[in-house]
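Right, one structure below, let's go through it.
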Amino acid sequence: MELNDANLQTLTEFLRKTLDPDPTVRRPAEKFLESVEGNQNYPLLLLTLLEKSQDNVIRVCAAVTFKNYIKRNWRIVEDEPNKISDPDRTAIKANIVNLMLSSPEQIQKQLSDAISIIGREDFPQKWPDLLTEMVTRFRSGDFHIINGVLRTAHSLFKRYRHEFKSNELWSEIKLVLDTFALPLTELFKATIELCHTHATDVNALKVLFSSLTLIAKLFYSLNFQDLPEFFEDNMETWMTNFHGLLTLDNKLLQTDLVSNAIQFLASVCERPHYKHLFEDQNTLTSICEKVIVPNMEFRSADEEAFEDNSEEYIRRDLEGSDIDTRRRAACDLVRGLCKFFEGPVTAIFSGYVNSMLAEYAKNPQENWKHKDAAIYLVTSLASKAQTQKHGITQANELVNLTEFFVNYILPDLKSPNGKSTPYSGMCFCCCCSQLPKEQLLQAIPLLISHLQAESTVEHTYAAHALERLFTMRGPNNTTLITPAEMAPFTEQLLNNLFKALAFPGSAENEYIMKAIMRSFSLLQDSIVPYIPTLIGQLTHKLLQVSKNPSKPHFNHYLFESLCLSVRITCKANPTTVSSFEEALFPVFTEILQNDVQEFLPYVFQVMSLLLEIHSNSIPASYMALFPHLLQPVLWERTGNIPPLVRLLQAYLEKGGATIANSAADKIPGLLGVFQKLIASKANDHQGFYLLNSIIEHMPPESITQYRKQIFILLFQRLQSSKTTKFIKSFLVFVNLYCVKYGAIALQEIFDSIQPKMFGMVLEKIVIPEVQKVSGTVEKKICAVGITKILTECPAMMDTEYTKLWTPLLQALIGLFELPEDDSIPDDEHFIDIEDTPGYQTAFSQLAFAGKKEHDPIGDAVGNPKILLAQSLHKLSTACPGRVPSMLSTSLNAEALQFLQGYLQAATVQLV
Amino acid sequence: LREKRITECVELRKAHKNENFLKRRNITLSSLPDEETLSPDYIPNDFLSYLRKLLSQERNPPLKEIIDAGLLCNFVSFLSMDDEPILQFEAAWALTNIASGTSWHTQQVVEHGAVPAFISLLSSPMLHISEQAVWALGNIAGDGATYRDVLIECSVIPALLARISPDTPVGYLRNLTWTLSNLCRNKNPFPPLSAVQQIAGIPHLEKEANILHLLDKDVLSDACWAVSYLSDGDNDRIEVVVKTGIVPRLVELMSHKELSVMTPALRSIGNIVSGSDLQTQVAIDAGVLNVLPTLMRHPKASVQKEAAWALSNIAAGPCKQIQQLITCGLLPPLVQLLRNGDFKTQREAVWAVTNFTSGATVAQVVQLVQSGALEAIINLLQVKDAKVILVILDSINNIFMVRATEKLSLLIEELGGLDRIEMLQNHDNEMVYQSAHNIIEKYFSDVSLNCMAQHDEFVFQSPDVQKAFEF
């Protein structure tokens, strides 16, 4: 790709298309850009465009594309090729600072981000002159440039606030301090001076204060790990000026500190140290009166959010992600105070609650805010301990919740009258697992009818309240509300939930979708009659959202609901699986064809679930898709790997023979996937899952020609970069191979690769490491495999391998009896991504697509210890005298004792 | 994981001015014959004593001026004049004070050949001359690892040890233990193992002069510092110290009323329990667990921190040692430190909890949780230090690994832990984020949240046959 006008022109066209709202135009353009980004000069073309294009939109678009390109490609990852050519890297680093500083703010921000991404990888070693280049700009006097430098420096240094202390990090900070601390201090002083000179010029002050804010951020980052010598020496300059800034009464600097202040009080009052500060009755009363009550009230800002952006309001209100709202802060303060002063605080507030309710009663239309605040107050008073799932788990005994519920909440639920009370009333029921069940059951039909309300806030709260109620646990760890109790309402509930999804503002309402999922999960079998309708509605929804996936939670719950439909229905009648396939496959095909990346992992999981339900054959519709699953591009995205591996495993389990017969030309592709996975330290266990399924389910003759190569690959990895995780998976595989193909086959294939290989693997890998294997199924596979090696492999009895016989037996007894060895070498601590891979993939993004653990040995071997005893007995009768003599010469006493135990349990004797 | 004392690393802070502690200047000598009677009418002698007095003045002694005047040659040559004891003494004193200056000053003294001269002076029959030599050598050893090893090369240790006898005066012994402690001091590199073996000779001293049983606090203090330097290293070094049988006495000294004795005794034991399980067991058998609770409640924060560090390393042991820790009542003071200690102490206490949870049995973890430790560490999740947060998350994860129950999840949520862990999913530190995320995914989520244009295919490529495999 050359740096010429034609290419600039093409790139401009495609960039413009990526902004097109129509996905059929946008997607191909994005694809095209992705396909050419590996070419040399691509980043330089983007930089040229963002600097020189006539069209401002294109300039910004090029800047964003450039930033994302850097983000995806700059880091050089182990096992993967360098994605940006070295000349491009050098050219970028040489120009980007200048370019950033001379660009308008919108572009500057993108480039500044890009610099910090590059800096994270290259600074300081591979980009030594970055800082000096930046520092010289401080003298420019142009605050647009200075702020650009400061912003970039901030994005480079802010990690000092959260990185672990290390020599490497501190050396870097020292280096930064050497070049940066003095100029920063000078700049700080000069900026303060300028603030004095321009004290009356609001516009100038705005710019200067934005610089000061950045300078303060930098100061914080540079001082975070420890107080550096330079700043200790210049403490006075900094502190005097900071003090001046803090006491400065300038309208420009005002921020809302109220909720932070309340939060501070809340955290202070819980500490025993400070308990005495609050003991005084007057203090308590005044905190309650002046701090808590006013902040509990629905504020006009809340009201605006409530009306304009109801979804955002709901999220803040429901999820406790509203830590910054005053209400939430006030609730926390109530809880904090109750820790030590439950009695007095409850007494003070009871008075307030009563008077607020009285105010409301005077004029319900006007004074609804009072009741709302009263409900809030009661909720926060009542809850000593609260969890999202179970609501209030420990209640304040001084507050009578039931009475409050019956007198003030139920009437509202029955006659919805506009504003906020029904909503906080609904919140109230979802918080109160302490309420008697009959009260909650009264609320359910009322909530179901609120689902029909047109107001987004109202039906959303209703859905949320129902969802919470369905999650509450009763005695015996079952759900509090049973399917039987729901029977009268089931149809209405399902109808109303799906109707609510049809309201204009709620087409992708995650609370409703979550309530759907929860209802399915609660109602179980009772939804079966409705499934034909429901599945149609769900697939229709899926088709709609797949055009432009934007709400991850909604989509997630949608797929969960699909999984639940499949599971519940097919549990009762597995043959119905085909009707699901009929409904879902067209949509899935579309998702696959349009490469809707967000959905692919979900689709693979649902397909696995469906395929696993089939009894023993694989339908042709799946086989048609098989070649597509082996496309490298799918395997490039890490999120696809676990679900794809699981899907391929399902293919192998149900259709090993079919693949061997009708798709034998795909076997090299399948093994190619294995080869790719095995090369990566992060994914090698996934490679083994696949390989194990191949060994277990493919007809042996179909893979005969590849077996030796498979082992050579594994040995190469073992030689070049073995990790504990790899060894564990390797051991399971070797033993599974032995169980499946026999000990002789294992020994022969090893020794055909290199003489004495079998002995070396036993001696260097199996015997010393088998203790590390974890997981019941994995251990069982190893136990049966090793038993076979010991008792069914002539080479172990009459070649030089004989000397390994007793150590191997000892290791096997150790596997049975000793605690698992979970030590890992020091240098490996940071390698393992998934610490203990199971024999089967534990990946379960979709909770309801979960998979049972698979045991390839199953009931064939009940107790491996007994199997060992019986096999040894058989061996000893075949060559009398040998076994006892090997045991007596070198098996240690403890192991021998265990072995005696096994023999007794199996009622056999060695001869 | 047992954690060794953190070795020297890059520092951002101003270098501490603690050279005084490593080197000392002789200003007045208490145990000296009267100066006047010593000085006959020998002019250089008077001049020399004048110089020595200059060097001993409280403020701004003219160290550099005297070096620049080229007088060091003369001083060093006086050292070997056995028939001029006064000259010897004055020169030794003057050189002691010059060597007490900066590294450069010390270097001048060494480069003028003072080391062998001082070592032979050690065997001087005149006690005060020998003592002055001890002092000078202490200053040279205190300069750093390089000169320390130069001295050790010159066999200074046997020469020093030879001066110890039951009737060595206390003042002399103080100087001698101080010099020995400087010979044990400094890392990068550590003193050679052979030297450690000779000096672990402190118990050897004990036999000779009962140093550790002496009641003089200065001698005890320096002796304990020496042991603390010797034991600050890998397990081989710890082993040398443990083998001498000194551990019970050190544990006893941890209760000494003088801070200057208790501190190094505690440091030494802290080092020893950072060793192997067996070495740690020796300290436990000597009763360290009975002493630690008092130290964990000591008014000085630095003592609390050191005690918590020691505890964290004991908690890293097998469950038998953890049981001893519980039986001796260490959990209540640990929880107290988690709640109220200063930050550095809390950090060690958090490590103690993590170590505990990684090796303990189910019953032991239950006791830990019941003691209030879980609540305390959850409260600490709001600190700024990313490492501490990660360590706490590890503890929580460990507790789940021991027994993941619905009840535990609920308890953590009730204690406000879930909120905090959820917030940590926004933490900027990748490992903190990952760890928080994993905990939420694994233990708190009922439902966890969270193109077909190309036609090329995977191919199974036969691996190149390479040189023989060797594992």
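Identifiers for the structure tokens are assigned positionally: chains receive A, B, ... in sequence, residues are indexed from 1 per chain, and ligands are indexed from 1 in the order shown.
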Per-residue nearest contacts chain A to chain B, cut-off 8 Å, using only C-alpha atoms, as JSON lines:
```
{"residue": "A:Arg159", "atom": "CA", "partner": "B:Asp428", "partner_atom": "CA", "distance": 7.6}
{"residue": "A:His162", "atom": "CA", "partner": "B:Asn429", "partner_atom": "CA", "distance": 5.3}
{"residue": "A:Glu163", "atom": "CA", "partner": "B:Asn429", "partner_atom": "CA", "distance": 6.2}
{"residue": "A:Phe164", "atom": "CA", "partner": "B:Lys387", "partner_atom": "CA", "distance": 5.7}
{"residue": "A:Lys165", "atom": "CA", "partner": "B:Lys387", "partner_atom": "CA", "distance": 7.9}
{"residue": "A:Asn167", "atom": "CA", "partner": "B:Val10", "partner_atom": "CA", "distance": 5.6}
{"residue": "A:Trp170", "atom": "CA", "partner": "B:Val10", "partner_atom": "CA", "distance": 6.1}
{"residue": "A:Ser171", "atom": "CA", "partner": "B:Val10", "partner_atom": "CA", "distance": 6.4}
{"residue": "A:Lys174", "atom": "CA", "partner": "B:Leu12", "partner_atom": "CA", "distance": 6.7}
{"residue": "A:Asp226", "atom": "CA", "partner": "B:Leu12", "partner_atom": "CA", "distance": 6.5}
{"residue": "A:Leu227", "atom": "CA", "partner": "B:Arg13", "partner_atom": "CA", "distance": 5.8}
{"residue": "A:Pro228", "atom": "CA", "partner": "B:Leu12", "partner_atom": "CA", "distance": 4.6}
{"residue": "A:Glu229", "atom": "CA", "partner": "B:Lys14", "partner_atom": "CA", "distance": 4.6}
{"residue": "A:Glu232", "atom": "CA", "partner": "B:Lys14", "partner_atom": "CA", "distance": 7.8}
{"residue": "A:Ala385", "atom": "CA", "partner": "B:Glu414", "partner_atom": "CA", "distance": 5.4}
{"residue": "A:Gln386", "atom": "CA", "partner": "B:Glu414", "partner_atom": "CA", "distance": 6.0}
{"residue": "A:Thr387", "atom": "CA", "partner": "B:Glu413", "partner_atom": "CA", "distance": 6.0}
{"residue": "A:Pro552", "atom": "CA", "partner": "B:Asn450", "partner_atom": "CA", "distance": 7.7}
{"residue": "A:His553", "atom": "CA", "partner": "B:Leu449", "partner_atom": "CA", "distance": 7.1}
{"residue": "A:His556", "atom": "CA", "partner": "B:Leu449", "partner_atom": "CA", "distance": 7.4}
{"residue": "A:Leu592", "atom": "CA", "partner": "B:Cys451", "partner_atom": "CA", "distance": 6.8}
{"residue": "A:Gln593", "atom": "CA", "partner": "B:Met452", "partner_atom": "CA", "distance": 6.0}
{"residue": "A:Asn594", "atom": "CA", "partner": "B:Cys451", "partner_atom": "CA", "distance": 6.3}
{"residue": "A:Asp595", "atom": "CA", "partner": "B:Cys451", "partner_atom": "CA", "distance": 4.4}
{"residue": "A:His628", "atom": "CA", "partner": "B:Met452", "partner_atom": "CA", "distance": 7.7}
{"residue": "A:Leu630", "atom": "CA", "partner": "B:Glu457", "partner_atom": "CA", "distance": 6.5}
{"residue": "A:Gln631", "atom": "CA", "partner": "B:Glu457", "partner_atom": "CA", "distance": 5.3}
{"residue": "A:Pro632", "atom": "CA", "partner": "B:Phe458", "partner_atom": "CA", "distance": 6.2}
{"residue": "A:Val633", "atom": "CA", "partner": "B:Cys451", "partner_atom": "CA", "distance": 7.4}
{"residue": "A:Leu634", "atom": "CA", "partner": "B:Cys451", "partner_atom": "CA", "distance": 7.7}
{"residue": "A:Pro668", "atom": "CA", "partner": "B:Phe460", "partner_atom": "CA", "distance": 4.9}
{"residue": "A:Gly669", "atom": "CA", "partner": "B:Phe458", "partner_atom": "CA", "distance": 4.6}
{"residue": "A:Leu670", "atom": "CA", "partner": "B:Phe458", "partner_atom": "CA", "distance": 7.4}
{"residue": "A:Leu671", "atom": "CA", "partner": "B:Phe460", "partner_atom": "CA", "distance": 5.5}
{"residue": "A:Gly672", "atom": "CA", "partner": "B:Phe460", "partner_atom": "CA", "distance": 4.1}
{"residue": "A:Val673", "atom": "CA", "partner": "B:Phe458", "partner_atom": "CA", "distance": 6.4}
{"residue": "A:Gln675", "atom": "CA", "partner": "B:Phe460", "partner_atom": "CA", "distance": 6.9}
{"residue": "A:Gln709", "atom": "CA", "partner": "B:Ser462", "partner_atom": "CA", "distance": 6.1}
{"residue": "A:Ile712", "atom": "CA", "partner": "B:Pro463", "partner_atom": "CA", "distance": 7.0}
{"residue": "A:Leu713", "atom": "CA", "partner": "B:Pro463", "partner_atom": "CA", "distance": 6.3}
{"residue": "A:Phe715", "atom": "CA", "partner": "B:Phe469", "partner_atom": "CA", "distance": 7.2}
{"residue": "A:Gln716", "atom": "CA", "partner": "B:Phe469", "partner_atom": "CA", "distance": 7.6}
{"residue": "A:Leu718", "atom": "CA", "partner": "B:Phe471", "partner_atom": "CA", "distance": 7.4}
{"residue": "A:Gln719", "atom": "CA", "partner": "B:Phe471", "partner_atom": "CA", "distance": 6.0}
{"residue": "A:Gln754", "atom": "CA", "partner": "B:Ala468", "partner_atom": "CA", "distance": 7.3}
{"residue": "A:Met760", "atom": "CA", "partner": "B:Phe471", "partner_atom": "CA", "distance": 7.5}
{"residue": "A:Val761", "atom": "CA", "partner": "B:Phe471", "partner_atom": "CA", "distance": 7.7}
{"residue": "A:Lys764", "atom": "CA", "partner": "B:Phe471", "partner_atom": "CA", "distance": 6.4}
{"residue": "A:Ile765", "atom": "CA", "partner": "B:Phe471", "partner_atom": "CA", "distance": 7.9}
{"residue": "A:Gln845", "atom": "CA", "partner": "B:Ser448", "partner_atom": "CA", "distance": 6.7}
{"residue": "A:Leu846", "atom": "CA", "partner": "B:Ser448", "partner_atom": "CA", "distance": 7.4}
{"residue": "A:Ala847", "atom": "CA", "partner": "B:Val447", "partner_atom": "CA", "distance": 5.6}
```
Problem - Residue with smallest distance to Met296 of chain B - pool B:Gln346, B:Ser155, B:Asn379, B:Gln364, counting only C-alpha atoms - result: B:Gln346
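If you count only C-alpha atoms and ignore residues fewer than 5 places along the chain from Thr638 of chain A, what sits within 10 Å of it is Pro601, Pro643, Ala682 and Asn683 of chain A.
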For the residues in the current selection, export all heavy atoms as a PDB file, in the first residue's frame.
```pdb
ATOM      1  N   PRO A 601     -20.693 -16.175  20.075  1.00  0.00           N
ATOM      2  CA  PRO A 601     -20.504 -17.109  21.188  1.00  0.00           C
ATOM      3  C   PRO A 601     -21.831 -17.650  21.722  1.00  0.00           C
ATOM      4  O   PRO A 601     -21.920 -18.814  22.110  1.00  0.00           O
ATOM      5  CB  PRO A 601     -19.805 -16.265  22.258  1.00  0.00           C
ATOM      6  CG  PRO A 601     -19.170 -15.134  21.516  1.00  0.00           C
ATOM      7  CD  PRO A 601     -20.061 -14.872  20.340  1.00  0.00           C
ATOM      8  N   PRO A 643     -16.804 -21.543  23.388  1.00  0.00           N
ATOM      9  CA  PRO A 643     -18.057 -22.122  22.886  1.00  0.00           C
ATOM     10  C   PRO A 643     -17.865 -22.920  21.606  1.00  0.00           C
ATOM     11  O   PRO A 643     -18.559 -23.910  21.384  1.00  0.00           O
ATOM     12  CB  PRO A 643     -18.951 -20.904  22.648  1.00  0.00           C
ATOM     13  CG  PRO A 643     -18.061 -19.745  22.582  1.00  0.00           C
ATOM     14  CD  PRO A 643     -16.871 -20.070  23.412  1.00  0.00           C
ATOM     15  N   ALA A 682      -2.377 -19.853  26.545  1.00  0.00           N
ATOM     16  CA  ALA A 682      -3.676 -19.522  27.126  1.00  0.00           C
ATOM     17  C   ALA A 682      -4.742 -20.531  26.717  1.00  0.00           C
ATOM     18  O   ALA A 682      -5.659 -20.799  27.473  1.00  0.00           O
ATOM     19  CB  ALA A 682      -4.095 -18.118  26.704  1.00  0.00           C
ATOM     20  N   ASN A 683      -4.611 -21.085  25.511  1.00  0.00           N
ATOM     21  CA  ASN A 683      -5.707 -21.914  24.990  1.00  0.00           C
ATOM     22  C   ASN A 683      -5.369 -23.388  24.865  1.00  0.00           C
ATOM     23  O   ASN A 683      -6.180 -24.155  24.372  1.00  0.00           O
ATOM     24  CB  ASN A 683      -6.133 -21.403  23.609  1.00  0.00           C
ATOM     25  CG  ASN A 683      -6.739 -20.027  23.701  1.00  0.00           C
ATOM     26  OD1 ASN A 683      -7.473 -19.725  24.638  1.00  0.00           O
ATOM     27  ND2 ASN A 683      -6.410 -19.166  22.755  1.00  0.00           N
TER      28      ASN A 683
END
```
Practice task
Would you mind listing what lies within 10 Å of Tyr147 of chain B as a VMD selection string, with only C-alpha atoms counted and same-chain residues fewer than 6 positions away left out?
Solution key: chain B and resid 106 to 107 110 115 137 139 to 141 153 183
Just N, CA and C atoms for this one: save the residues we selected as a tab-separated table (two decimals), in the first residue's frame.
```tsv
chain	number	residue	atom	x	y	z
B	106	THR	N	36.15	7.48	54.46
B	106	THR	CA	36.53	6.12	54.83
B	106	THR	C	37.49	5.54	53.79
B	107	GLN	N	37.16	5.81	52.54
B	107	GLN	CA	38.00	5.29	51.46
B	107	GLN	C	39.44	5.75	51.60
B	110	VAL	N	41.17	3.73	54.22
B	110	VAL	CA	41.49	2.37	53.79
B	110	VAL	C	42.63	2.38	52.77
B	115	VAL	N	43.88	-0.78	57.12
B	115	VAL	CA	43.21	-2.01	57.56
B	115	VAL	C	44.15	-3.02	58.22
B	137	LEU	N	37.79	-0.20	63.03
B	137	LEU	CA	37.37	-1.27	62.10
B	137	LEU	C	35.86	-1.30	61.96
B	139	ASN	N	33.92	1.28	62.02
B	139	ASN	CA	33.55	2.33	61.07
B	139	ASN	C	33.80	1.89	59.64
B	140	ILE	N	34.93	1.22	59.44
B	140	ILE	CA	35.25	0.80	58.07
B	140	ILE	C	34.24	-0.26	57.61
B	141	ALA	N	33.93	-1.19	58.49
B	141	ALA	CA	32.96	-2.24	58.13
B	141	ALA	C	31.59	-1.64	57.85
B	153	GLU	N	38.12	-10.68	54.46
B	153	GLU	CA	39.26	-11.27	53.76
B	153	GLU	C	40.51	-11.23	54.62
B	183	LEU	N	29.92	-6.06	60.74
B	183	LEU	CA	30.48	-7.07	59.83
B	183	LEU	C	29.41	-8.02	59.29
```
Exercise for the section: For Ser358 of chain B, list every protein, DNA or RNA residue within 12 Å, evaluated using only C-alpha atoms, and leave out those in the same chain fewer than 6 positions away; present the list as a VMD selection string. Expected result: (chain A and resid 822 to 823) or (chain B and resid 1 to 2 312 315 to 319 322 351 to 352 364 to 365 391 to 392 394 to 402)
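Minimum atom-to-atom distances from A:Val293, A:Val135, A:Leu809, A:Leu731 to Glu186 of chain A were compared using only C-alpha atoms, and the lowest value belongs to A:Val135.
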Practice task
as number ranges by chain, please: all residues of segment 229-449 of chain B that backbone DSSP puts in helix (DSSP H, G or I).
Solution key: B: 229-230, 235-243, 247-253, 259-272, 277-285, 288-296, 301-314, 319-327, 331-340, 343-359, 362-370, 373-382, 386-402, 406-414, 417-424, 430-444
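Using only C-alpha atoms, the protein and nucleic acid residues lying no more than 12 Å from Thr283 of chain A, apart from those fewer than 6 places from it along its own chain, are Cys269, Lys275, His276, Leu277, Glu289, Lys290, Val291, Leu337, Phe341, Pro344, Val345 and Ile348 of chain A.
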